[in-house]
Amino acid sequence: MKRCTHCNIDVNTERLTCPLCFNSLVEKENSVEDFKLYPHRPKPKTVKNLFYKVIIFVCLLASLVTLVINALTFKEETGWWCLYVILSCCYVYFLVRGTILAHTNAIRRIWRQLITVSIVLFCFDYLSSEERWSLGIVIPMVCAATNIAIGITIICNHKQFRAGFGSVFVSLIFGFVPLIVYLIKTDLVVYLWGPVVSASVSFAILLGIIIFAGSAVKEELNKRLHL
């Protein structure tokens with residue numbers, strides 16, 4: 001670090017003269033490593049961080065208490081009902097972490113909610129009965145509603161599409177999953193109309209993106225794949 005006595009400024013440079021007045025610079029005792037361009041600014045403690053910690057504490061406490069109560073009062077008729085509470089707490093955690101407090105764009109937050117809700121619904125369905133209503137009815141409707149919301153978001157704000165490019169196509173592909181599971185002939189999907197509706201909405205939105213935003217899709221693919 002050097003100092004110009006004429007301009008009365010510090011200059012972080014290797015040159016011998018001041019860049020302003022061209023007078024000779026004087027070497028200072030402190031090194032370049034000790035010089036800080038900007039003062040240290042500690043991160044303020046926000047209400048969001050406290051809210052996030054409270055949510056984690058409440059979810060963990062509720063899960064632990066219900067697990068202990070269920071274990072001490074276990075009956076074959078009721079089974080492990082604490083799993084419903086634990087799943088609900090997990091959903092609340094991911095809702096806060098991935099949606100409310102997330103700093104990502106809207107499409108990514110919508111997509112995260114789709115995956116989280118689908119997993120929770122499938123687990124509820126698997127634990128509660130053998131009717132398998134999740135993949136046949138509820139999850140396809142959630143997929144259709146999510147993809148419609150993503151389509152509306154893209155129409156209202158084209159920048160959201162570029163920022164959440166990968167999330168858009170993952171969500172649209174996820175809309176075909178119930179129909180694929182049905183075609184595999186598993187017992188996980190009993191009803192056909194739900195998967196058909198979900199796949200139709202995904203196909204319609206995908207077709208609209210290709211027709212109306214084909215150049216933007218090609219440009220983004222070239223950027224991301226370095227073509």
# chains A, B, ... in the order shown; residues from 1 in each chain; ligands from 1
$ residues_around --residues "segment 114-124 of chain A" --least-positions-apart "2" --cutoff "7 Å" --atoms "only C-alpha atoms" --output "PyMOL selection string"
chain A and resi 84+87+91+110-112+126-128+134+139+143+146
$ closest_atom_pairs --of "segment 69-170 of chain A" --to "segment 197-202 of chain A" --cutoff "8 Å" --atoms "only C-alpha atoms" --output "tab-separated table"
residue	atom	partner	partner_atom	distance
A:Pro140	CA	A:Ser198	CA	5.0
A:Met141	CA	A:Ser198	CA	6.4
A:Cys143	CA	A:Ser198	CA	6.1
A:Ala144	CA	A:Ser198	CA	4.8
A:Asn147	CA	A:Ser202	CA	6.6
A:Ile148	CA	A:Val201	CA	7.5
$ residues_around --residues "Ile154 of chain A" --least-positions-apart "5" --cutoff "10 Å" --atoms "only C-alpha atoms" --output "PyMOL selection string"
chain A and resi 106-107+148-149+159-162+164+168+209
$ atom_distance --atom1 "atom CA of Arg97 of chain A" --atom2 "atom CA of Leu60 of chain A"
14.6 Å
$ select_by_dssp --residues "chain A" --states "strand (DSSP E or B)" --output "PyMOL selection string"
chain A and resi 2-4+9-11+17+24+26-27
$ select_by_dssp --residues "segment 1-226 of chain A" --states "helix (DSSP H, G or I)" --output "PyMOL selection string"
chain A and resi 47-72+82-100+106-128+134-156+158-163+165-174+177-183+193-212+214-225
$ write_last_selection --atoms "C-alpha atoms" --output "CSV table (one decimal), in the first residue's frame"
chain,number,residue,atom,x,y,z
A,47,VAL,CA,-36.7,-12.4,12.0
A,48,LYS,CA,-36.7,-15.0,9.2
A,49,ASN,CA,-33.8,-16.9,10.9
A,50,LEU,CA,-35.6,-16.9,14.2
A,51,PHE,CA,-38.8,-18.1,12.6
A,52,TYR,CA,-36.9,-20.8,10.8
A,53,LYS,CA,-35.3,-22.1,14.0
A,54,VAL,CA,-38.7,-22.0,15.8
A,55,ILE,CA,-40.3,-24.1,13.0
A,56,ILE,CA,-37.5,-26.7,13.2
A,57,PHE,CA,-37.8,-26.9,17.0
A,58,VAL,CA,-41.6,-27.3,16.9
A,59,CYS,CA,-41.5,-29.9,14.2
A,60,LEU,CA,-38.8,-32.0,16.0
A,61,LEU,CA,-40.6,-31.7,19.3
A,62,ALA,CA,-43.9,-32.7,17.9
A,63,SER,CA,-42.5,-35.6,16.0
A,64,LEU,CA,-40.6,-36.9,19.1
A,65,VAL,CA,-43.5,-36.5,21.5
A,66,THR,CA,-46.0,-38.3,19.2
A,67,LEU,CA,-43.5,-41.0,18.6
A,68,VAL,CA,-43.0,-41.6,22.3
A,69,ILE,CA,-46.8,-41.5,23.0
A,70,ASN,CA,-47.5,-43.9,20.1
A,71,ALA,CA,-44.8,-46.3,21.3
A,72,LEU,CA,-46.1,-46.3,24.9
A,82,CYS,CA,-47.3,-41.0,14.7
A,83,LEU,CA,-46.1,-41.4,11.2
A,84,TYR,CA,-48.9,-39.1,10.0
A,85,VAL,CA,-47.7,-36.4,12.4
A,86,ILE,CA,-44.0,-36.9,11.4
A,87,LEU,CA,-44.9,-36.6,7.7
A,88,SER,CA,-46.9,-33.5,8.3
A,89,CYS,CA,-44.0,-31.9,10.2
A,90,CYS,CA,-41.7,-32.8,7.4
A,91,TYR,CA,-44.0,-31.1,4.9
A,92,VAL,CA,-44.2,-27.9,7.1
A,93,TYR,CA,-40.4,-27.9,7.3
A,94,PHE,CA,-40.0,-28.1,3.5
A,95,LEU,CA,-42.8,-25.6,3.0
A,96,VAL,CA,-40.9,-23.1,5.1
A,97,ARG,CA,-37.5,-23.9,3.8
A,98,GLY,CA,-38.2,-24.3,0.1
A,99,THR,CA,-41.1,-21.9,-0.4
A,100,ILE,CA,-41.6,-19.2,2.2
A,106,ALA,CA,-41.3,-18.6,-8.4
A,107,ILE,CA,-41.2,-21.6,-10.8
A,108,ARG,CA,-38.6,-23.4,-8.6
A,109,ARG,CA,-40.6,-22.8,-5.5
A,110,ILE,CA,-43.8,-24.1,-7.2
A,111,TRP,CA,-41.8,-27.2,-8.5
A,112,ARG,CA,-40.5,-27.9,-5.0
A,113,GLN,CA,-44.0,-27.8,-3.6
A,114,LEU,CA,-45.1,-30.3,-6.2
A,115,ILE,CA,-42.5,-32.8,-5.3
A,116,THR,CA,-43.0,-32.4,-1.5
A,117,VAL,CA,-46.8,-32.6,-1.7
A,118,SER,CA,-46.6,-35.7,-3.9
A,119,ILE,CA,-44.3,-37.5,-1.6
A,120,VAL,CA,-46.4,-36.7,1.5
A,121,LEU,CA,-49.6,-37.7,-0.3
A,122,PHE,CA,-48.2,-41.0,-1.5
A,123,CYS,CA,-46.9,-41.8,2.0
A,124,PHE,CA,-50.3,-41.0,3.5
A,125,ASP,CA,-52.0,-43.2,0.9
A,126,TYR,CA,-49.6,-46.1,1.5
A,127,LEU,CA,-50.0,-46.0,5.3
A,128,SER,CA,-53.8,-45.4,5.5
A,134,SER,CA,-52.8,-40.8,-4.4
A,135,LEU,CA,-51.3,-41.7,-7.8
A,136,GLY,CA,-54.7,-42.2,-9.3
A,137,ILE,CA,-56.5,-39.1,-8.3
A,138,VAL,CA,-54.9,-36.5,-6.0
A,139,ILE,CA,-51.3,-36.4,-7.3
A,140,PRO,CA,-52.3,-36.1,-10.9
A,141,MET,CA,-54.6,-33.2,-10.0
A,142,VAL,CA,-51.8,-31.5,-8.1
A,143,CYS,CA,-49.5,-32.0,-11.1
A,144,ALA,CA,-52.1,-30.5,-13.4
A,145,ALA,CA,-52.7,-27.5,-11.2
A,146,THR,CA,-48.9,-27.0,-10.7
A,147,ASN,CA,-48.2,-27.1,-14.4
A,148,ILE,CA,-51.1,-24.7,-15.1
A,149,ALA,CA,-49.6,-22.3,-12.5
A,150,ILE,CA,-46.2,-22.6,-14.1
A,151,GLY,CA,-47.8,-21.9,-17.5
A,152,ILE,CA,-49.5,-18.8,-16.1
A,153,THR,CA,-46.2,-17.6,-14.5
A,154,ILE,CA,-44.4,-18.0,-17.8
A,155,ILE,CA,-47.0,-16.0,-19.6
A,156,CYS,CA,-47.0,-13.2,-17.0
A,158,HIS,CA,-40.9,-14.4,-19.4
A,159,LYS,CA,-37.8,-13.9,-17.2
A,160,GLN,CA,-39.1,-16.6,-14.8
A,161,PHE,CA,-39.0,-19.1,-17.7
A,162,ARG,CA,-35.2,-18.5,-18.3
A,163,ALA,CA,-34.4,-18.5,-14.6
A,165,PHE,CA,-35.7,-23.4,-17.2
A,166,GLY,CA,-34.8,-26.8,-15.8
A,167,SER,CA,-37.6,-26.8,-13.2
A,168,VAL,CA,-40.2,-26.2,-15.9
A,169,PHE,CA,-39.4,-29.3,-17.9
A,170,VAL,CA,-38.9,-31.5,-14.8
A,171,SER,CA,-42.4,-30.5,-13.6
A,172,LEU,CA,-43.9,-31.2,-17.0
A,173,ILE,CA,-42.2,-34.6,-17.2
A,174,PHE,CA,-43.4,-35.3,-13.7
A,177,VAL,CA,-45.4,-40.2,-14.2
A,178,PRO,CA,-48.9,-41.3,-13.0
A,179,LEU,CA,-49.8,-42.4,-16.5
A,180,ILE,CA,-46.5,-44.2,-17.0
A,181,VAL,CA,-47.1,-46.0,-13.6
A,182,TYR,CA,-50.6,-47.0,-14.8
A,183,LEU,CA,-49.3,-48.4,-18.1
A,193,TRP,CA,-58.8,-40.5,-15.6
A,194,GLY,CA,-56.5,-38.7,-13.2
A,195,PRO,CA,-53.2,-39.7,-15.0
A,196,VAL,CA,-54.8,-38.9,-18.3
A,197,VAL,CA,-55.7,-35.3,-17.2
A,198,SER,CA,-52.3,-34.7,-15.8
A,199,ALA,CA,-50.5,-36.0,-18.9
A,200,SER,CA,-52.8,-34.0,-21.2
A,201,VAL,CA,-52.1,-30.8,-19.3
A,202,SER,CA,-48.3,-31.4,-19.3
A,203,PHE,CA,-48.4,-32.2,-23.1
A,204,ALA,CA,-50.5,-29.1,-23.9
A,205,ILE,CA,-48.1,-26.8,-21.9
A,206,LEU,CA,-45.0,-28.5,-23.4
A,207,LEU,CA,-46.4,-28.1,-26.9
A,208,GLY,CA,-47.3,-24.4,-26.2
A,209,ILE,CA,-43.7,-23.8,-25.0
A,210,ILE,CA,-42.2,-25.4,-28.1
A,211,ILE,CA,-44.5,-23.5,-30.5
A,212,PHE,CA,-44.5,-20.0,-28.9
A,214,GLY,CA,-39.1,-22.5,-29.4
A,215,SER,CA,-36.3,-20.0,-30.0
A,216,ALA,CA,-35.9,-19.3,-26.3
A,217,VAL,CA,-35.8,-23.0,-25.5
A,218,LYS,CA,-33.1,-23.5,-28.2
A,219,GLU,CA,-31.1,-20.6,-26.9
A,220,GLU,CA,-31.2,-21.9,-23.3
A,221,LEU,CA,-30.3,-25.4,-24.3
A,222,ASN,CA,-27.3,-24.0,-26.2
A,223,LYS,CA,-26.2,-22.0,-23.2
A,224,ARG,CA,-26.6,-24.8,-20.7
A,225,LEU,CA,-25.1,-27.6,-22.9
$ atom_distance --atom1 "atom CA of Asp187 of chain A" --atom2 "atom CA of Gly175 of chain A"
18.7 Å
